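J.: Dropping in input02.cif, which is mmCIF, C-alpha atoms and all ligand atoms:
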```cif
data_my_file
#
loop_
_atom_site.label_atom_id
_atom_site.label_comp_id
_atom_site.auth_asym_id
_atom_site.auth_seq_id
_atom_site.Cartn_x
_atom_site.Cartn_y
_atom_site.Cartn_z
CA MET B 221 204.68 -66.81 146.93
CA GLY B 222 207.76 -69.04 147.07
CA LYS B 223 211.01 -70.19 148.62
CA VAL B 224 214.39 -68.74 147.72
CA LEU B 225 217.88 -70.01 148.43
CA ILE B 226 220.62 -67.38 148.25
CA ILE B 227 224.10 -68.87 147.80
CA GLY B 228 226.97 -66.52 148.73
CA ALA B 229 227.14 -64.17 151.71
CA GLY B 230 229.62 -61.57 150.45
CA GLY B 231 229.05 -57.96 149.44
CA VAL B 232 226.38 -58.83 146.88
CA GLY B 233 224.78 -61.64 148.93
CA SER B 234 224.29 -59.31 151.88
CA VAL B 235 222.24 -56.81 149.85
CA VAL B 236 220.28 -59.59 148.10
CA ALA B 237 219.31 -60.93 151.53
CA ASN B 238 218.31 -57.41 152.58
CA LYS B 239 216.19 -56.83 149.46
CA VAL B 240 214.60 -60.27 149.57
CA VAL B 241 213.51 -59.58 153.16
CA GLN B 242 212.05 -56.25 152.01
CA ASN B 243 209.88 -58.20 149.55
CA LYS B 244 208.53 -60.86 151.84
CA ASP B 245 205.16 -60.96 150.09
CA VAL B 246 207.04 -62.60 147.19
CA PHE B 247 209.77 -64.48 149.07
CA THR B 248 207.88 -66.33 151.76
CA GLU B 249 210.76 -68.54 152.92
CA ILE B 250 214.43 -67.61 152.74
CA MET B 251 217.61 -69.59 153.20
CA LEU B 252 221.11 -68.13 153.00
CA ALA B 253 223.95 -70.59 152.41
CA SER B 254 227.64 -70.04 151.85
CA ARG B 255 231.08 -71.51 152.42
CA THR B 256 231.42 -69.78 155.80
CA ARG B 257 228.26 -70.25 157.82
CA SER B 258 229.18 -67.68 160.45
CA LYS B 259 228.92 -64.95 157.76
CA CYS B 260 225.39 -66.14 156.94
CA ASP B 261 224.45 -66.15 160.61
CA ALA B 262 225.86 -62.64 161.16
CA LEU B 263 224.00 -61.37 158.12
CA ALA B 264 220.74 -63.03 159.15
CA ALA B 265 221.09 -61.52 162.63
CA SER B 266 221.59 -58.06 161.15
CA LEU B 267 218.25 -58.23 159.36
CA HIS B 268 216.23 -57.42 162.45
CA GLY B 269 214.77 -60.80 163.21
CA ALA B 270 213.64 -61.62 159.67
CA PRO B 271 213.06 -65.39 159.48
CA ILE B 272 216.10 -66.53 157.48
CA ARG B 273 217.51 -70.03 157.72
CA THR B 274 221.25 -70.42 157.19
CA ALA B 275 223.46 -73.28 156.06
CA GLN B 276 227.03 -74.13 155.20
CA VAL B 277 227.67 -75.38 151.67
CA ASP B 278 230.65 -75.85 149.42
CA ALA B 279 229.11 -74.76 146.13
CA ASP B 280 231.90 -76.42 144.16
CA ASN B 281 230.53 -79.74 145.37
CA VAL B 282 227.43 -80.90 143.47
CA ASN B 283 226.56 -83.60 146.03
CA GLU B 284 226.55 -81.11 148.90
CA LEU B 285 224.39 -78.75 146.86
CA VAL B 286 221.97 -81.55 145.95
CA ALA B 287 221.61 -82.48 149.62
CA LEU B 288 220.89 -78.84 150.55
CA LEU B 289 218.40 -78.31 147.72
CA THR B 290 216.64 -81.60 148.49
CA GLU B 291 216.26 -80.61 152.11
CA PHE B 292 215.13 -76.98 151.62
CA LYS B 293 213.28 -77.43 148.27
CA PRO B 294 213.55 -73.82 147.05
CA ASP B 295 211.69 -72.59 143.97
CA ILE B 296 214.75 -70.69 142.82
CA VAL B 297 218.43 -70.33 143.70
CA ILE B 298 219.98 -66.88 143.53
CA ASN B 299 223.65 -67.62 142.91
CA VAL B 300 225.78 -64.76 144.23
CA ALA B 301 228.81 -66.87 145.09
CA LEU B 302 231.61 -66.67 142.51
CA PRO B 303 231.47 -67.41 138.78
CA TYR B 304 233.51 -70.58 139.40
CA GLN B 305 230.45 -72.16 141.05
CA ASP B 306 227.91 -71.51 138.26
CA LEU B 307 228.06 -74.93 136.61
CA ALA B 308 228.01 -76.93 139.85
CA ILE B 309 224.95 -75.00 141.02
CA MET B 310 223.22 -75.44 137.64
CA GLU B 311 223.91 -79.19 137.80
CA ALA B 312 222.43 -79.40 141.30
CA CYS B 313 219.37 -77.40 140.20
CA LEU B 314 218.78 -79.86 137.35
CA ALA B 315 219.18 -82.82 139.68
CA THR B 316 216.60 -81.45 142.13
CA GLY B 317 214.14 -79.57 139.87
CA VAL B 318 215.05 -76.06 141.04
CA ASN B 319 215.19 -72.87 138.95
CA TYR B 320 218.37 -70.78 138.74
CA LEU B 321 219.54 -67.16 138.54
CA ASP B 322 223.05 -65.64 138.59
CA THR B 323 224.86 -62.34 138.02
CA ALA B 324 228.12 -63.43 136.36
CA ASN B 325 228.96 -66.02 133.74
CA TYR B 326 231.03 -69.09 134.35
CA GLU B 327 234.80 -68.81 134.49
CA PRO B 328 237.19 -71.72 134.94
CA LYS B 329 239.48 -71.07 137.91
CA GLU B 330 242.62 -71.95 136.02
CA GLU B 331 242.02 -69.60 133.06
CA ALA B 332 240.95 -65.94 133.20
CA LYS B 333 238.42 -66.37 130.45
CA TYR B 334 234.70 -65.97 130.58
CA GLU B 335 232.12 -66.77 127.94
CA TYR B 336 228.57 -68.03 127.87
CA SER B 337 229.27 -71.24 125.92
CA TRP B 338 229.55 -73.35 129.09
CA GLN B 339 226.20 -72.18 130.43
CA TRP B 340 224.41 -72.05 127.07
CA ALA B 341 225.31 -75.74 126.76
CA TYR B 342 222.67 -76.36 129.48
CA ARG B 343 219.80 -74.99 127.34
CA ASP B 344 218.33 -78.33 126.27
CA ARG B 345 218.57 -79.85 129.73
CA PHE B 346 216.79 -76.94 131.43
CA ARG B 347 214.17 -76.81 128.66
CA GLU B 348 213.48 -80.55 128.88
CA ALA B 349 213.27 -80.33 132.68
CA GLY B 350 210.81 -77.42 132.43
CA LEU B 351 213.14 -75.22 134.49
CA THR B 352 214.16 -71.60 134.03
CA ALA B 353 217.77 -70.40 134.25
CA ILE B 354 218.26 -66.61 134.17
CA LEU B 355 221.85 -65.61 133.39
CA GLY B 356 223.62 -62.36 134.18
CA CYS B 357 220.96 -60.58 136.26
CA GLY B 358 223.12 -57.98 138.04
CA PHE B 359 223.71 -54.43 136.76
CA ASP B 360 226.26 -55.14 134.07
CA PRO B 361 225.44 -57.70 132.87
CA GLY B 362 221.80 -57.39 133.81
CA VAL B 363 220.28 -53.93 133.82
CA THR B 364 222.45 -52.89 130.85
CA SER B 365 221.03 -55.84 128.90
CA VAL B 366 217.45 -54.97 129.93
CA PHE B 367 218.09 -51.30 129.01
CA THR B 368 219.11 -52.49 125.54
CA ALA B 369 216.03 -54.71 125.20
CA TYR B 370 213.83 -51.82 126.36
CA ALA B 371 215.39 -49.49 123.79
CA ALA B 372 214.83 -52.07 121.04
CA LYS B 373 211.21 -52.64 122.10
CA HIS B 374 210.12 -49.01 122.50
CA HIS B 375 212.49 -46.61 120.80
CA PHE B 376 214.11 -48.17 117.76
CA ASP B 377 213.26 -50.23 114.70
CA GLU B 378 216.94 -51.17 114.45
CA LEU B 379 219.78 -50.82 116.93
CA HIS B 380 223.05 -49.96 115.17
CA TYR B 381 225.60 -48.75 117.73
CA LEU B 382 225.66 -49.66 121.42
CA ASP B 383 228.06 -48.24 123.97
CA ILE B 384 227.63 -49.41 127.55
CA VAL B 385 229.20 -46.84 129.87
CA ASP B 386 230.06 -47.69 133.47
CA CYS B 387 231.32 -44.95 135.75
CA ASN B 388 232.08 -45.26 139.43
CA ALA B 389 232.75 -41.74 140.63
CA GLY B 390 232.74 -42.82 144.25
CA ASP B 391 235.54 -42.52 146.78
CA HIS B 392 236.00 -45.25 149.39
CA HIS B 393 238.99 -43.43 150.93
CA LYS B 394 241.29 -46.47 150.62
CA ALA B 395 244.54 -46.42 148.64
CA PHE B 396 243.36 -49.43 146.67
CA ALA B 397 240.23 -51.57 146.87
CA THR B 398 237.95 -53.33 144.40
CA ASN B 399 234.20 -52.87 144.49
CA PHE B 400 233.41 -56.55 144.16
CA ASN B 401 235.37 -59.74 144.72
CA PRO B 402 239.01 -58.68 144.10
CA GLU B 403 240.01 -61.91 142.39
CA ILE B 404 237.16 -61.76 139.86
CA ASN B 405 237.53 -58.01 139.42
CA ILE B 406 241.28 -58.05 138.75
CA ARG B 407 240.95 -61.00 136.36
CA GLU B 408 238.30 -59.03 134.45
CA VAL B 409 239.98 -55.66 134.14
CA THR B 410 243.48 -56.90 133.28
CA GLN B 411 242.29 -58.88 130.26
CA LYS B 412 242.71 -57.75 126.68
CA GLY B 413 239.96 -55.44 125.45
CA LYS B 414 237.48 -56.68 122.86
CA TYR B 415 234.53 -55.15 121.02
CA TRP B 416 232.14 -56.09 118.25
CA GLU B 417 232.34 -54.38 114.87
CA ASN B 418 230.87 -55.32 111.51
CA GLY B 419 230.21 -58.93 112.40
CA ARG B 420 233.47 -59.76 114.16
CA TRP B 421 235.35 -59.27 117.41
CA VAL B 422 238.18 -56.73 117.46
CA TRP B 423 240.87 -57.21 120.13
CA THR B 424 242.86 -54.46 121.81
CA GLU B 425 245.67 -54.38 124.36
CA PRO B 426 244.38 -53.90 127.93
CA HIS B 427 243.22 -50.28 128.42
CA GLU B 428 244.67 -49.30 125.02
CA ILE B 429 241.60 -47.31 123.95
CA HIS B 430 240.35 -44.61 126.28
CA ARG B 431 238.72 -41.21 126.21
CA PRO B 432 236.92 -38.85 128.58
CA LEU B 433 233.16 -39.32 128.67
CA THR B 434 230.69 -37.07 130.47
CA TYR B 435 228.44 -38.75 133.01
CA PRO B 436 225.20 -37.15 134.27
CA ASN B 437 225.58 -35.33 137.59
CA ILE B 438 229.28 -36.33 137.64
CA GLY B 439 231.10 -34.74 134.71
CA ALA B 440 233.97 -35.97 132.55
CA LYS B 441 235.83 -39.16 133.55
CA GLU B 442 238.48 -41.05 131.62
CA SER B 443 236.77 -44.19 130.32
CA TYR B 444 238.55 -47.32 129.09
CA LEU B 445 237.33 -49.82 126.55
CA ILE B 446 237.28 -53.26 128.14
CA TYR B 447 235.55 -56.51 127.26
CA HIS B 448 232.44 -57.27 129.25
CA GLU B 449 230.35 -60.40 129.10
CA GLU B 450 226.96 -58.96 128.11
CA LEU B 451 228.39 -57.96 124.73
CA GLU B 452 228.51 -61.65 123.76
CA SER B 453 224.78 -62.26 124.16
CA LEU B 454 223.63 -58.79 123.09
CA VAL B 455 225.22 -59.00 119.64
CA LYS B 456 223.52 -62.37 119.15
CA ASN B 457 220.12 -61.23 120.39
CA PHE B 458 220.24 -57.88 118.54
CA PRO B 459 221.88 -58.86 115.24
CA THR B 460 221.34 -55.42 113.64
CA LEU B 461 224.10 -54.07 115.91
CA LYS B 462 227.01 -52.93 113.75
CA ARG B 463 229.15 -52.16 116.78
CA ALA B 464 228.95 -52.88 120.51
CA ARG B 465 231.49 -51.66 123.06
CA PHE B 466 231.86 -51.40 126.83
CA TRP B 467 233.57 -48.55 128.66
CA MET B 468 234.56 -48.37 132.32
CA THR B 469 236.11 -45.49 134.25
CA PHE B 470 239.33 -46.02 136.20
CA GLY B 471 241.28 -43.48 138.24
CA GLN B 472 245.04 -43.10 137.74
CA GLU B 473 245.69 -44.32 141.28
CA TYR B 474 243.74 -47.52 140.63
CA LEU B 475 245.56 -48.17 137.35
CA THR B 476 248.96 -47.58 138.96
CA HIS B 477 248.20 -50.08 141.73
CA LEU B 478 246.92 -52.55 139.16
CA ARG B 479 250.12 -52.22 137.12
CA VAL B 480 252.28 -52.80 140.19
CA ILE B 481 250.18 -55.79 141.27
CA GLN B 482 250.66 -57.33 137.83
CA ASN B 483 254.35 -56.46 137.57
CA ILE B 484 255.21 -58.06 140.88
CA GLY B 485 253.28 -61.24 140.06
CA MET B 486 250.45 -60.78 142.56
CA ALA B 487 247.80 -61.07 139.82
CA ARG B 488 248.98 -64.59 138.91
CA ILE B 489 246.22 -67.19 138.92
CA ASP B 490 248.51 -70.24 138.81
CA PRO B 491 249.57 -71.88 142.08
CA ILE B 492 253.09 -71.25 143.42
CA LEU B 493 254.95 -73.00 146.23
CA TYR B 494 255.32 -70.91 149.39
CA ASN B 495 256.96 -72.54 152.42
CA GLY B 496 256.13 -75.95 151.00
CA MET B 497 252.50 -75.00 150.50
CA GLU B 498 250.66 -74.20 147.26
CA ILE B 499 249.10 -70.76 147.16
CA VAL B 500 247.55 -68.77 144.30
CA PRO B 501 248.95 -65.21 144.46
CA ILE B 502 245.70 -63.48 143.45
CA GLN B 503 243.81 -65.43 146.14
CA PHE B 504 246.38 -64.38 148.72
CA LEU B 505 246.05 -60.80 147.51
CA LYS B 506 242.27 -61.01 148.01
CA ALA B 507 242.87 -62.01 151.62
CA VAL B 508 244.84 -58.82 152.35
CA LEU B 509 242.79 -56.31 150.35
CA PRO B 510 239.78 -54.51 151.84
CA ASP B 511 236.60 -56.60 151.77
CA PRO B 512 234.26 -54.96 149.20
CA GLY B 513 231.35 -55.74 151.50
CA GLU B 514 232.93 -53.53 154.19
CA LEU B 515 233.65 -50.47 152.04
CA GLY B 516 230.28 -48.80 152.52
CA GLU B 517 230.76 -46.77 155.66
CA ASN B 518 232.89 -43.96 154.29
CA TYR B 519 232.02 -44.32 150.63
CA THR B 520 230.98 -41.04 149.03
CA GLY B 521 229.89 -40.17 145.50
CA GLU B 522 227.88 -42.18 143.03
CA THR B 523 227.91 -44.65 140.16
CA SER B 524 226.43 -43.92 136.74
CA ILE B 525 225.86 -46.83 134.39
CA GLY B 526 223.91 -46.78 131.18
CA CYS B 527 223.57 -47.52 127.50
CA ARG B 528 224.22 -45.03 124.72
CA ILE B 529 222.52 -46.23 121.56
CA LYS B 530 222.25 -45.06 117.97
CA GLY B 531 219.86 -46.54 115.46
CA ILE B 532 216.82 -45.99 113.28
CA LYS B 533 213.22 -45.20 114.21
CA ASP B 534 210.59 -44.64 111.51
CA GLY B 535 213.33 -44.21 108.94
CA LYS B 536 215.12 -41.50 110.93
CA ALA B 537 218.40 -41.63 112.85
CA ARG B 538 217.93 -41.50 116.62
CA THR B 539 220.23 -41.37 119.63
CA TYR B 540 219.18 -42.56 123.07
CA TYR B 541 220.87 -42.66 126.47
CA VAL B 542 219.29 -44.59 129.34
CA TYR B 543 221.07 -44.68 132.70
CA ASN B 544 220.87 -45.01 136.44
CA ASN B 545 222.89 -43.09 139.01
CA CYS B 546 223.27 -44.73 142.40
CA SER B 547 224.60 -42.98 145.51
CA HIS B 548 226.98 -45.02 147.66
CA GLU B 549 225.79 -43.18 150.78
CA ALA B 550 222.13 -43.89 150.08
CA ALA B 551 222.92 -47.56 149.40
CA TYR B 552 224.81 -47.76 152.69
CA LYS B 553 222.04 -46.07 154.62
CA GLU B 554 219.48 -48.53 153.30
CA THR B 555 221.45 -51.79 153.35
CA GLY B 556 224.83 -51.26 155.02
CA ALA B 557 226.66 -51.88 151.73
CA GLN B 558 228.25 -49.70 149.04
CA GLY B 559 226.70 -48.84 145.68
CA VAL B 560 228.29 -51.58 143.56
CA SER B 561 226.98 -54.34 145.83
CA TYR B 562 223.63 -52.53 145.75
CA THR B 563 223.42 -52.08 141.98
CA THR B 564 224.20 -55.78 141.49
CA SER B 565 221.80 -57.08 144.12
CA VAL B 566 218.66 -55.12 143.37
CA PRO B 567 218.43 -56.49 139.79
CA ALA B 568 219.13 -60.04 141.00
CA THR B 569 216.26 -59.70 143.48
CA ILE B 570 213.97 -58.26 140.80
CA GLY B 571 214.79 -61.12 138.40
CA ALA B 572 213.94 -63.67 141.08
CA MET B 573 210.73 -61.76 141.94
CA LEU B 574 209.61 -61.75 138.31
CA PHE B 575 210.32 -65.48 138.17
CA MET B 576 208.26 -66.08 141.33
CA GLN B 577 205.41 -64.05 139.86
CA GLY B 578 205.47 -66.20 136.72
CA ILE B 579 206.42 -63.19 134.55
CA TRP B 580 210.00 -64.20 133.76
CA ARG B 581 209.43 -67.92 133.65
CA LYS B 582 210.03 -70.14 130.63
CA PRO B 583 211.86 -73.45 130.28
CA GLY B 584 215.45 -73.07 129.15
CA VAL B 585 218.58 -70.98 129.78
CA PHE B 586 218.22 -67.29 128.98
CA ASN B 587 220.11 -64.03 129.12
CA VAL B 588 217.98 -61.30 130.64
CA GLU B 589 217.41 -59.41 127.37
CA GLU B 590 215.39 -62.43 126.18
CA PHE B 591 212.61 -61.60 128.67
CA ASP B 592 210.08 -58.76 128.54
CA PRO B 593 212.00 -55.68 129.79
CA ASP B 594 208.90 -53.69 130.87
CA PRO B 595 208.09 -55.31 134.24
CA PHE B 596 211.80 -55.25 135.15
CA MET B 597 212.12 -51.55 134.26
CA ALA B 598 209.04 -50.78 136.37
CA GLU B 599 210.50 -52.63 139.37
CA LEU B 600 213.87 -50.83 139.08
CA ASN B 601 212.04 -47.59 139.86
CA LYS B 602 210.30 -49.14 142.87
CA GLN B 603 213.26 -51.06 144.30
CA GLY B 604 215.82 -48.26 144.48
CA LEU B 605 217.42 -47.95 141.04
CA PRO B 606 215.43 -45.30 139.15
CA TRP B 607 216.45 -44.74 135.55
CA HIS B 608 216.41 -41.76 133.20
CA GLU B 609 216.25 -41.31 129.44
CA LEU B 610 217.79 -38.73 127.11
CA PHE B 611 216.76 -38.56 123.46
CA ASP B 612 218.66 -37.12 120.53
CA THR B 613 221.50 -36.02 122.74
CA ASP B 614 225.23 -35.94 121.99
CA LEU B 615 226.49 -39.43 122.87
CA GLU B 616 230.15 -38.29 122.54
CA LEU B 617 230.93 -41.59 120.85
CA GLU B 618 230.97 -41.39 117.07
P1 LIG B 701 232.43 -61.75 147.62
O1 LIG B 701 233.78 -62.35 147.48
O2 LIG B 701 232.22 -60.60 148.53
O3 LIG B 701 231.40 -62.89 148.08
C1 LIG B 701 231.37 -64.16 147.51
C2 LIG B 701 230.65 -65.09 148.46
O4 LIG B 701 230.61 -66.40 147.86
C3 LIG B 701 231.37 -65.24 149.81
O5 LIG B 701 230.39 -65.28 150.83
C4 LIG B 701 232.08 -66.57 149.66
O6 LIG B 701 232.27 -67.29 150.84
C5 LIG B 701 231.09 -67.34 148.80
N1 LIG B 701 231.76 -68.46 148.15
C6 LIG B 701 232.90 -68.45 147.43
N2 LIG B 701 233.22 -69.70 147.05
C7 LIG B 701 232.24 -70.51 147.54
C8 LIG B 701 232.01 -71.90 147.50
N3 LIG B 701 232.82 -72.73 146.86
N4 LIG B 701 230.91 -72.36 148.11
C9 LIG B 701 230.07 -71.56 148.79
N5 LIG B 701 230.23 -70.23 148.86
C10 LIG B 701 231.31 -69.71 148.25
O7 LIG B 701 231.93 -61.41 146.15
P2 LIG B 701 230.84 -60.31 145.73
O8 LIG B 701 229.69 -60.40 146.65
O9 LIG B 701 231.54 -59.05 145.52
O10 LIG B 701 230.40 -60.88 144.28
C11 LIG B 701 229.48 -61.95 144.17
C12 LIG B 701 229.18 -62.22 142.71
O11 LIG B 701 228.57 -61.08 142.10
C13 LIG B 701 230.43 -62.55 141.86
O12 LIG B 701 230.12 -63.65 141.03
C14 LIG B 701 230.62 -61.32 141.03
O13 LIG B 701 231.24 -61.60 139.80
C15 LIG B 701 229.17 -60.88 140.83
N6 LIG B 701 229.04 -59.47 140.44
C16 LIG B 701 228.23 -59.15 139.39
C17 LIG B 701 228.06 -57.84 139.00
C18 LIG B 701 227.11 -57.48 137.93
O14 LIG B 701 226.77 -56.29 137.81
N7 LIG B 701 226.58 -58.38 137.13
C19 LIG B 701 228.82 -56.76 139.66
C20 LIG B 701 229.56 -57.18 140.82
C21 LIG B 701 229.68 -58.50 141.17
P3 LIG B 701 233.40 -66.86 151.92
O15 LIG B 701 232.71 -65.79 152.70
O16 LIG B 701 233.69 -68.09 152.70
O17 LIG B 701 234.58 -66.36 151.15
#
```
For this file, write the structure as structure tokens.
T.:
Amino acid sequence: MGKVLIIGAGGVGSVVANKVVQNKDVFTEIMLASRTRSKCDALAASLHGAPIRTAQVDADNVNELVALLTEFKPDIVINVALPYQDLAIMEACLATGVNYLDTANYEPKEEAKYEYSWQWAYRDRFREAGLTAILGCGFDPGVTSVFTAYAAKHHFDELHYLDIVDCNAGDHHKAFATNFNPEINIREVTQKGKYWENGRWVWTEPHEIHRPLTYPNIGAKESYLIYHEELESLVKNFPTLKRARFWMTFGQEYLTHLRVIQNIGMARIDPILYNGMEIVPIQFLKAVLPDPGELGENYTGETSIGCRIKGIKDGKARTYYVYNNCSHEAAYKETGAQGVSYTTSVPATIGAMLFMQGIWRKPGVFNVEEFDPDPFMAELNKQGLPWHELFDTDLELE
């Protein structure tokens, strides 16, 4: 049906490549490009002879991207490099008439701050060019946003309270490791917390608010209120929300390591001089931590991510919990990667499939909740992330 260019060959890129190959009726030609070509070649070779072209590209460099896009002429780029590259890739897509999809919103390298304003600023240009840009199509953001849109479409007249709950109850048997790119992950979880209440943002100290929440098939896990990017678009697209929060589980061991990393300056994102050479401590740290793409082999347990929603249906109060549980072992068996890479990649592949099929295709820049959730929810069940619903249950969150 069309040509896809995957940019990024890390933990997420490897599962996207795997899933794209599994859907070759939709993705008829595939190219995998990244900073380190040997990783693309190794990945392509692992996919049992599937016809994947590979290329080297510095995705910070718009000219290099333009040259690659002009040569390969994809219908869509799946950007699973790092958030730093979002704008350069969007620029190159505009210059060459290519559609765009990513899983994480733009962050400037020099400031640990992420918001959609930079990418929303491209709305007019994509609309005028007749191109589609799909933002935040991983699990969270991504599936959590589609879950919310699905709830609004089918189960509520008004959404009032949204709590996105993200539990990783897996064990990778390492003293400390992050489940996706360590630099991006540590920047995200060490920020101040923030949630939406009564029309404004409320800030908290990092990890200040926490409580045990019970996750299906897992049990109670201490869950911490953090800021997460989908809250920004969801409160705009569902303006009846009185409150929107995001909770993530962390183990004590993880938090202790994180505190030490911060206290000794290894989470710093500004360059320092080391032996006459500039290095960024958090980038050095990434180089010595386990590669998230390699964690799968001994990873046990499962993730459970979902949306707990309260609102009104036919004049009556209703509660609703929609979630997916994903087994790390099953993800590894299927794709050679752990569950977090898997839960991010399957939605990215589905978003690109729906674009190819003309179902999620409209000119402009959109967050995923702005598309019809139904075909996406149907594909989740088919592509390895089945979801479950609970009605009028205790959401534990008043
Ligand atoms: P990794 O660090 O494992 O992989 C990133 C890949 O991007 C690597 O192959 C890297 O190349 C490549 N890359 C980095 N910089 C450039 C560049 N300038 N030009 C070309 N390629 C580059 O990260 P993950 O796979 O863990 O994460 C990928 C993305 O997925 C991130 O943006 C992350 O935020 C997002 N994500 C989203 C989630 C969601 O649910 N929405 C959840 C988890 C992750 P090299 O191999 O040379 O380093």
J.: Nearest to B:Val585: which of B:Asp322, B:Glu327, B:Asp360, B:Asp245 is it, counting only C-alpha atoms?
T.: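 Closest to B:Val585, using only C-alpha atoms: B:Asp322.
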J.: Could you pull the residues within 7 Å of B:Leu379, counting all atoms listed in the file, minus those fewer than 5 positions along the same chain, as a list in words?
T.: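 Result of the neighbour search: Ala372, Thr460, Leu461, Lys530, Gly531 and Ile532 of chain B.
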J.: Of the residues B:Met251, B:Ile525, B:Leu478, B:Ile499, which is the one nearest to ligand LIG 701 (chain B), using only C-alpha atoms and all ligand atoms?
T.: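 Of B:Met251, B:Ile525, B:Leu478, B:Ile499, the one nearest ligand LIG 701 (chain B), counting only C-alpha atoms and all ligand atoms, is B:Ile525.
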J.: Could you name the residues that touch stretch 533-543 of chain B at 10 Å or less, counting only C-alpha atoms, but leaving out those on the same chain fewer than 6 positions away, as JSON, numbers by chain?
T.: {"B": [363, 364, 367, 368, 370, 371, 372, 374, 375, 376, 377, 378, 379, 380, 381, 382, 383, 384, 385, 386, 435, 436, 524, 525, 526, 527, 605, 606, 607, 608, 609, 610, 611, 612, 613, 614, 615]}
J.: Within 6 Å of ligand LIG 701 (chain B), counting only C-alpha atoms and all ligand atoms, which protein or nucleic acid residues do you find, written as a PyMOL selection string?
T.: chain B and resi 228-233+254-256+277-280+300-303+323-324+356+358-362+400-401+404+513+564
J.: Just give me the gap between atom CA of B:Pro328 and atom CA of B:Glu498 in Å, one decimal is fine.
T.: 18.4 Å
J.: Which residue, B:Asn483, B:Leu288, B:His448, B:His477, has the smallest gap to B:Glu335 when you use only C-alpha atoms?
T.: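 Checking each candidate against B:Glu335, we get B:His448 as the closest.
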J.: Which value, in Å to one decimal, gives the distance between atom CA of B:Val286 and atom CA of B:Ile354?
T.: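 We find that atom CA of B:Val286 and atom CA of B:Ile354 lie 19.4 Å from each other.
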J.: What is the atom CA of B:Leu263 to atom CA of B:Ala389 distance in Å?
T.: 27.7 Å
J.: Which residues come within 12 Å of B:Arg479, counting only C-alpha atoms, excluding same-chain residues fewer than 4 positions away, as a list in words?
T.: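 After dropping sequence-adjacent residues, the list is Ile406, Val409, Thr410, Pro426, His427, Gln472, Glu473, Tyr474, Leu475, Asn483, Ile484, Gly485, Met486 and Ala487 of chain B.
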J.: Extract, using only C-alpha atoms, all DNA, RNA and protein residues at most 7 Å from B:Pro583, discarding same-chain residues fewer than 4 positions from it, and format them as a PyMOL selection string.
T.: chain B and resi 346-347+350-352
J.: Between B:Asn495, B:Val366, B:Glu618, B:Glu428, which is the closest to B:Pro595 once you count only C-alpha atoms?
T.: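 Using only C-alpha atoms, the shortest distance to B:Pro595 belongs to B:Val366.
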J.: I need the residue nearest B:Thr563 from this list: B:Glu403, B:Glu522, B:Asp344, B:Glu425. Use all atoms listed in the file for the distance.
T.: B:Glu522
J.: List the spatial neighbours of stretch 264-275 of chain B as a count of residues only - criterion: any atom at most 10 Å away, all atoms listed in the file, same-chain residues fewer than 5 positions off excluded.
T.: 26
J.: Output as a PDB file, in the frame of the given file: stretch 280-290 of chain B, completed with N, CA and C atoms.
T.:
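Dumped everything to out_13.pdb:
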```pdb
ATOM      1  N   ASP B 280     231.159 -75.722 145.212  1.00  0.00           N
ATOM      2  CA  ASP B 280     231.900 -76.420 144.160  1.00  0.00           C
ATOM      3  C   ASP B 280     231.522 -77.908 144.147  1.00  0.00           C
ATOM      4  N   ASN B 281     230.801 -78.323 145.187  1.00  0.00           N
ATOM      5  CA  ASN B 281     230.530 -79.740 145.370  1.00  0.00           C
ATOM      6  C   ASN B 281     229.054 -80.025 145.063  1.00  0.00           C
ATOM      7  N   VAL B 282     228.814 -80.689 143.922  1.00  0.00           N
ATOM      8  CA  VAL B 282     227.430 -80.900 143.470  1.00  0.00           C
ATOM      9  C   VAL B 282     226.645 -81.737 144.481  1.00  0.00           C
ATOM     10  N   ASN B 283     227.288 -82.746 145.073  1.00  0.00           N
ATOM     11  CA  ASN B 283     226.560 -83.600 146.030  1.00  0.00           C
ATOM     12  C   ASN B 283     226.079 -82.812 147.237  1.00  0.00           C
ATOM     13  N   GLU B 284     226.962 -81.937 147.740  1.00  0.00           N
ATOM     14  CA  GLU B 284     226.550 -81.110 148.900  1.00  0.00           C
ATOM     15  C   GLU B 284     225.381 -80.196 148.524  1.00  0.00           C
ATOM     16  N   LEU B 285     225.472 -79.643 147.316  1.00  0.00           N
ATOM     17  CA  LEU B 285     224.390 -78.750 146.860  1.00  0.00           C
ATOM     18  C   LEU B 285     223.090 -79.525 146.726  1.00  0.00           C
ATOM     19  N   VAL B 286     223.175 -80.725 146.150  1.00  0.00           N
ATOM     20  CA  VAL B 286     221.970 -81.550 145.950  1.00  0.00           C
ATOM     21  C   VAL B 286     221.321 -81.841 147.303  1.00  0.00           C
ATOM     22  N   ALA B 287     222.152 -82.172 148.288  1.00  0.00           N
ATOM     23  CA  ALA B 287     221.610 -82.480 149.620  1.00  0.00           C
ATOM     24  C   ALA B 287     220.881 -81.253 150.188  1.00  0.00           C
ATOM     25  N   LEU B 288     221.499 -80.071 150.019  1.00  0.00           N
ATOM     26  CA  LEU B 288     220.890 -78.840 150.550  1.00  0.00           C
ATOM     27  C   LEU B 288     219.578 -78.514 149.822  1.00  0.00           C
ATOM     28  N   LEU B 289     219.593 -78.639 148.509  1.00  0.00           N
ATOM     29  CA  LEU B 289     218.400 -78.310 147.720  1.00  0.00           C
ATOM     30  C   LEU B 289     217.276 -79.311 148.012  1.00  0.00           C
ATOM     31  N   THR B 290     217.647 -80.573 148.211  1.00  0.00           N
ATOM     32  CA  THR B 290     216.640 -81.600 148.490  1.00  0.00           C
ATOM     33  C   THR B 290     215.988 -81.328 149.845  1.00  0.00           C
TER      34      THR B 290
END
```
